[in-house]
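Peer 1: Please read through the structure below; I'll follow up with questions.
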Amino acid sequence: MIFSILFTALFTVTSPAVEFECDTQQILMGNWAINRFFTMADGCLVQVTPIQKPNLTYREYVFDQMGRFTIFNSTPGDYETATSMRTYFFFSKDPKEKSVTPKVKQRNENFAEVTLISGETITFRGDNSFIESIEGNGFQFKEEKWIHLNKGGGFEVLSNDELFIDAGWKIGGRSYRDRSATSTVLWKGTSCPIPNENLFVYVDSTTGEELYQPALRWNLEQMQSWFLETCTGSFHLPWKK
């Protein structure tokens with residue numbers, strides 16, 4: 001497999017028995033290496049990364065079974081100061097959501113597709129160093145076709161008919177790992193900020209240990225309930241009902 005700085009620095013890859021399907025796959029297409037595999041940190045995920053990374057300047061995309069969609073930018077230098085991540089969260093509408101994993105399919109020699117757990121299809125073209133297209137209910141995005149560390153990471157979801165979370169952008173790490181930071185929940189053309197400490201679980205309730213990868217507190221139904229109440233002026237934490 002071809003891995004990037006992101007996975008060399010952050011993740012240990014393993015292949016234990018799991019309750020969901022996550023067959024290892026690799027597609028080499030043009031300058032793209034598309035890998036599907038299991039990690040202890042993120043479960044089943046798909047990594048789309050360039051094969052050639054001149055001067056360590058590149059953009060890659062990671063999609064996992066927790067709904068994370070991460071845009072990773074790398075420039076020459078140390079990981080802590082020369083990389084950035086923009087993270088979104090999308091939700092599965094399947095009641096057995098923990099069993100839903102991102103899927104990969106090669107359409108032909110020039111195109112491959114990644115299907116998110118929320119159902120959107122992201123197309124990559126072999127000779128395009130960025131996303132070719134994203135198809136979903138009302139899904140629109142914009143992407144800057146150059147690699148930089150400017151705020152936002154060069155990628156933004158403009159609209160989507162389904163509820164999703166913009167967990168922000170950060171140099172040298174993931175913004176939602178900061179409890180004091182704020183994420184934004186978006187749905188039906190409206191956005192609502194929410195403190196990360198109210199949105200994510202940071203400590204294992206059984207062991208009391210800090211989680212390496214914070215997890216969302218709520219499923220889609222709970223998020224929609226919270227959104228409808230909060231965005232009409234009544235802040236209510238659904239797990240305290």
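Residue numbers start at 1 in each chain; chains themselves are named A, B, ... in the order of the structure tokens; ligands are numbered from 1 in the order shown.
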Excluding Glu162 (chain A) and any residue of its chain fewer than 5 positions from it, enumerate the residues within 9 Å of it, using only C-alpha atoms, and give them as a list in words.

Peer 2: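 Once the adjacent positions are removed, what remains is Phe90, Phe91, Ser118, Asn137, Gly138, Phe139, Leu186, Trp187 and Lys188 of chain A.
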
Peer 1: Only N, CA and C atoms, please: the residues just picked out, written as a CSV table (one decimal), in the first residue's frame.

Peer 2:
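Saved result, result-v5.csv, follows:
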```csv
chain,number,residue,atom,x,y,z
A,90,PHE,N,-20.5,13.4,8.1
A,90,PHE,CA,-21.8,13.1,7.4
A,90,PHE,C,-22.4,11.9,8.1
A,91,PHE,N,-23.7,11.7,8.0
A,91,PHE,CA,-24.4,10.6,8.8
A,91,PHE,C,-25.0,9.6,7.9
A,118,SER,N,-23.0,8.2,4.0
A,118,SER,CA,-24.2,9.0,3.9
A,118,SER,C,-24.8,8.9,2.5
A,137,ASN,N,-27.7,14.5,-2.6
A,137,ASN,CA,-28.9,15.4,-2.6
A,137,ASN,C,-28.6,16.8,-2.3
A,138,GLY,N,-28.6,17.6,-3.3
A,138,GLY,CA,-28.3,19.0,-3.2
A,138,GLY,C,-26.8,19.3,-2.8
A,139,PHE,N,-25.9,18.4,-3.0
A,139,PHE,CA,-24.5,18.6,-2.6
A,139,PHE,C,-23.8,19.5,-3.6
A,186,LEU,N,-24.9,22.1,10.0
A,186,LEU,CA,-25.6,22.7,8.8
A,186,LEU,C,-26.7,21.8,8.3
A,187,TRP,N,-27.9,22.4,8.1
A,187,TRP,CA,-29.0,21.7,7.6
A,187,TRP,C,-30.1,22.7,7.1
A,188,LYS,N,-30.7,22.3,6.0
A,188,LYS,CA,-31.8,23.1,5.4
A,188,LYS,C,-31.5,24.6,5.2
```

Peer 1: Write out as an mmCIF file with C-alpha atoms, in the first residue's frame each polymer residue whose atoms come within 6 Å of Thr49 (chain A), counting only C-alpha atoms; drop sequence neighbours fewer than 3 positions from it.

Peer 2:
```cif
data_model
loop_
_atom_site.group_PDB
_atom_site.id
_atom_site.type_symbol
_atom_site.label_atom_id
_atom_site.label_comp_id
_atom_site.auth_asym_id
_atom_site.auth_seq_id
_atom_site.Cartn_x
_atom_site.Cartn_y
_atom_site.Cartn_z
ATOM 1 C CA TRP A 32 -4.021 8.233 -7.633
ATOM 2 C CA ALA A 33 -3.617 5.445 -5.109
ATOM 3 C CA GLU A 60 -5.319 13.791 -0.099
#
```

Peer 1: Hey, can you check how far CA of Tyr202 (chain A) sits from CA of Arg86 (chain A)?

Peer 2: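 That distance, rounded to one decimal, is 19.2 Å.
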
Peer 1: CA of Phe227 (chain A) and CA of Ser205 (chain A) are how many Å apart?

Peer 2: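 Straight-line distance from CA of Phe227 (chain A) to CA of Ser205 (chain A) works out to 25.3 Å.
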
Peer 1: Considering only C-alpha atoms, return as a PDB file with N, CA and C atoms, in the first residue's frame whatever protein or nucleic-acid residues lie within 6 Å of Phe37 (chain A), sequence-local ones (same chain, fewer than 4 positions apart) excluded.

Peer 2:
```pdb
ATOM      1  N   THR A  24      -9.739  -5.286   2.339  1.00  0.00           N
ATOM      2  CA  THR A  24      -8.672  -4.426   1.855  1.00  0.00           C
ATOM      3  C   THR A  24      -8.727  -4.346   0.335  1.00  0.00           C
ATOM      4  N   CYS A  44     -12.996   1.275   9.438  1.00  0.00           N
ATOM      5  CA  CYS A  44     -12.861   1.094   7.992  1.00  0.00           C
ATOM      6  C   CYS A  44     -12.780   2.454   7.309  1.00  0.00           C
ATOM      7  N   LEU A  45     -11.770   2.645   6.502  1.00  0.00           N
ATOM      8  CA  LEU A  45     -11.637   3.932   5.839  1.00  0.00           C
ATOM      9  C   LEU A  45     -11.114   3.770   4.423  1.00  0.00           C
TER      10      LEU A  45
END
```

Peer 1: Nearest to Ser133 (chain A): which of A:Tyr176, A:Trp146, A:Phe111, A:Trp169 is it, counting only C-alpha atoms?

Peer 2: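 Of the candidates, the smallest distance to Ser133 (chain A) is held by A:Phe111.
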
Peer 1: Using only C-alpha atoms, determine which residues lie at most 6 Å from Phe69 (chain A), disregarding the query and same-chain residues fewer than 2 positions distant; provide the list as a list of chain:residue names.

Peer 2: A:Val62, A:Phe63, A:Thr87, A:Tyr88

Peer 1: Determine, counting only C-alpha atoms, which protein, DNA and RNA residues have an atom within 12 Å of an atom of Ile71 (chain A); residues of the same chain fewer than 4 positions away are not included. Present the result as a VMD selection string.

Peer 2: chain A and resid 6 47 to 49 58 to 63 83 to 89 130 to 131 143 to 144 147 to 149 152 to 157 166 to 171 173 to 174

Peer 1: Using DSSP on the backbone coordinates, identify all residues within region 15-107 of chain A classified as strand (DSSP E or B); present the result as a ChimeraX atom specification.

Peer 2: /A:25-29,32-39,43-50,58-64,68-74,83-90,103-106

Peer 1: What would the file look like if the residues just selected were written as a tab-separated table (two decimals), in the first residue's frame with N, CA and C atoms?

Peer 2:
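Wrote again-v1.tsv, looks like this:
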```tsv
chain	number	residue	atom	x	y	z
A	25	GLN	N	-8.69	-3.13	-0.18
A	25	GLN	CA	-8.71	-2.90	-1.62
A	25	GLN	C	-7.66	-1.86	-1.98
A	26	GLN	N	-7.14	-1.97	-3.19
A	26	GLN	CA	-6.26	-0.92	-3.71
A	26	GLN	C	-6.54	-0.71	-5.19
A	27	ILE	N	-6.70	0.56	-5.58
A	27	ILE	CA	-6.85	0.93	-6.97
A	27	ILE	C	-5.74	1.91	-7.31
A	28	LEU	N	-4.94	1.59	-8.32
A	28	LEU	CA	-3.92	2.50	-8.82
A	28	LEU	C	-4.41	3.01	-10.17
A	29	MET	N	-4.63	4.31	-10.25
A	29	MET	CA	-5.26	4.89	-11.43
A	29	MET	C	-4.63	6.24	-11.71
A	32	TRP	N	-3.31	8.49	-8.88
A	32	TRP	CA	-4.02	8.23	-7.63
A	32	TRP	C	-3.77	6.82	-7.12
A	33	ALA	N	-3.57	6.72	-5.82
A	33	ALA	CA	-3.62	5.45	-5.11
A	33	ALA	C	-4.81	5.51	-4.18
A	34	ILE	N	-5.77	4.63	-4.39
A	34	ILE	CA	-6.99	4.61	-3.58
A	34	ILE	C	-6.97	3.32	-2.76
A	35	ASN	N	-6.88	3.46	-1.46
A	35	ASN	CA	-6.77	2.31	-0.57
A	35	ASN	C	-7.93	2.26	0.40
A	36	ARG	N	-8.47	1.06	0.59
A	36	ARG	CA	-9.51	0.82	1.58
A	36	ARG	C	-8.95	-0.20	2.57
A	37	PHE	N	-8.98	0.14	3.87
A	37	PHE	CA	-8.38	-0.75	4.86
A	37	PHE	C	-8.92	-0.41	6.24
A	38	PHE	N	-8.50	-1.16	7.24
A	38	PHE	CA	-8.97	-0.98	8.61
A	38	PHE	C	-7.85	-0.42	9.47
A	39	THR	N	-8.19	0.55	10.34
A	39	THR	CA	-7.25	1.04	11.34
A	39	THR	C	-7.94	1.02	12.70
A	43	GLY	N	-11.42	2.80	12.25
A	43	GLY	CA	-12.22	1.72	11.69
A	43	GLY	C	-11.95	1.57	10.21
A	44	CYS	N	-13.00	1.28	9.44
A	44	CYS	CA	-12.86	1.09	7.99
A	44	CYS	C	-12.78	2.45	7.31
A	45	LEU	N	-11.77	2.64	6.50
A	45	LEU	CA	-11.64	3.93	5.84
A	45	LEU	C	-11.11	3.77	4.42
A	46	VAL	N	-11.29	4.85	3.66
A	46	VAL	CA	-10.75	4.95	2.31
A	46	VAL	C	-9.82	6.15	2.26
A	47	GLN	N	-8.61	5.93	1.78
A	47	GLN	CA	-7.63	6.99	1.63
A	47	GLN	C	-7.35	7.17	0.14
A	48	VAL	N	-7.49	8.40	-0.35
A	48	VAL	CA	-7.21	8.72	-1.74
A	48	VAL	C	-6.02	9.68	-1.74
A	49	THR	N	-4.87	9.20	-2.20
A	49	THR	CA	-3.65	9.99	-2.09
A	49	THR	C	-2.86	9.92	-3.39
A	50	PRO	N	-2.15	10.98	-3.77
A	50	PRO	CA	-1.34	10.93	-4.99
A	50	PRO	C	-0.17	9.95	-4.84
A	58	TYR	N	1.07	18.08	-1.67
A	58	TYR	CA	-0.05	17.33	-2.24
A	58	TYR	C	-1.29	17.50	-1.37
A	59	ARG	N	-2.43	17.08	-1.91
A	59	ARG	CA	-3.69	17.03	-1.17
A	59	ARG	C	-4.22	15.61	-1.23
A	60	GLU	N	-4.68	15.10	-0.10
A	60	GLU	CA	-5.32	13.79	-0.10
A	60	GLU	C	-6.64	13.86	0.65
A	61	TYR	N	-7.44	12.82	0.46
A	61	TYR	CA	-8.80	12.77	1.01
A	61	TYR	C	-8.98	11.46	1.75
A	62	VAL	N	-9.64	11.54	2.92
A	62	VAL	CA	-9.86	10.35	3.73
A	62	VAL	C	-11.33	10.32	4.15
A	63	PHE	N	-11.94	9.14	3.99
A	63	PHE	CA	-13.35	8.95	4.32
A	63	PHE	C	-13.45	7.72	5.21
A	64	ASP	N	-14.17	7.80	6.35
A	64	ASP	CA	-14.20	6.62	7.22
A	64	ASP	C	-15.63	6.27	7.63
A	68	ARG	N	-16.51	10.70	8.89
A	68	ARG	CA	-15.52	11.76	8.67
A	68	ARG	C	-15.12	11.85	7.19
A	69	PHE	N	-15.01	13.07	6.72
A	69	PHE	CA	-14.50	13.38	5.39
A	69	PHE	C	-13.40	14.40	5.64
A	70	THR	N	-12.14	13.98	5.51
A	70	THR	CA	-11.00	14.82	5.84
A	70	THR	C	-10.24	15.22	4.59
A	71	ILE	N	-9.96	16.52	4.48
A	71	ILE	CA	-9.13	17.05	3.40
A	71	ILE	C	-7.79	17.40	4.01
A	72	PHE	N	-6.74	16.72	3.55
A	72	PHE	CA	-5.41	16.86	4.14
A	72	PHE	C	-4.48	17.53	3.13
A	73	ASN	N	-3.86	18.64	3.53
A	73	ASN	CA	-2.89	19.34	2.69
A	73	ASN	C	-1.49	19.20	3.29
A	74	SER	N	-0.53	18.89	2.43
A	74	SER	CA	0.86	18.77	2.86
A	74	SER	C	1.73	19.72	2.04
A	83	THR	N	1.37	21.09	7.51
A	83	THR	CA	0.20	20.35	7.03
A	83	THR	C	-1.06	20.99	7.61
A	84	SER	N	-2.18	20.69	6.99
A	84	SER	CA	-3.45	21.17	7.53
A	84	SER	C	-4.53	20.14	7.26
A	85	MET	N	-5.62	20.19	8.06
A	85	MET	CA	-6.75	19.30	7.87
A	85	MET	C	-8.05	20.08	8.01
A	86	ARG	N	-8.96	19.79	7.10
A	86	ARG	CA	-10.34	20.27	7.17
A	86	ARG	C	-11.22	19.03	7.29
A	87	THR	N	-12.12	19.02	8.27
A	87	THR	CA	-12.91	17.82	8.53
A	87	THR	C	-14.40	18.12	8.53
A	88	TYR	N	-15.13	17.27	7.82
A	88	TYR	CA	-16.60	17.28	7.84
A	88	TYR	C	-17.08	15.94	8.37
A	89	PHE	N	-18.29	15.94	8.93
A	89	PHE	CA	-18.93	14.70	9.36
A	89	PHE	C	-20.27	14.57	8.65
A	90	PHE	N	-20.51	13.39	8.08
A	90	PHE	CA	-21.78	13.09	7.44
A	90	PHE	C	-22.38	11.86	8.13
A	103	LYS	N	-17.36	2.78	0.51
A	103	LYS	CA	-17.11	1.80	-0.55
A	103	LYS	C	-16.28	2.42	-1.67
A	104	VAL	N	-15.57	1.55	-2.40
A	104	VAL	CA	-14.73	1.97	-3.52
A	104	VAL	C	-15.07	1.14	-4.74
A	105	LYS	N	-15.15	1.79	-5.89
A	105	LYS	CA	-15.39	1.07	-7.14
A	105	LYS	C	-14.65	1.76	-8.27
A	106	GLN	N	-13.93	0.99	-9.08
A	106	GLN	CA	-13.30	1.55	-10.26
A	106	GLN	C	-14.26	1.43	-11.43
```

Peer 1: Go through A:Asn160, A:Asn219, A:Ser175, A:Thr207 one by one, measure the shortest atom-to-atom distance of each to Ser191 (chain A) using only C-alpha atoms, and give the residue with the smallest value.

Peer 2: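 Checking each of A:Asn160, A:Asn219, A:Ser175, A:Thr207 against Ser191 (chain A), counting only C-alpha atoms, the winner is A:Asn160.
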
Peer 1: From a DSSP calculation on the backbone, collect every residue of region 95-233 of chain A in alpha helix (DSSP H) and output the set as a PyMOL selection string.

Peer 2: chain A and resi 196-199+220-230

Peer 1: Fewer than 5 positions away in the same chain doesn't count, so skip those; otherwise give me all residues within 10 Å of Asn110 (chain A), counting only C-alpha atoms, as a list of chain:residue names.

Peer 2: A:Met29, A:Gly30, A:Phe124, A:Arg125, A:Gly126, A:Asp127, A:Asn128
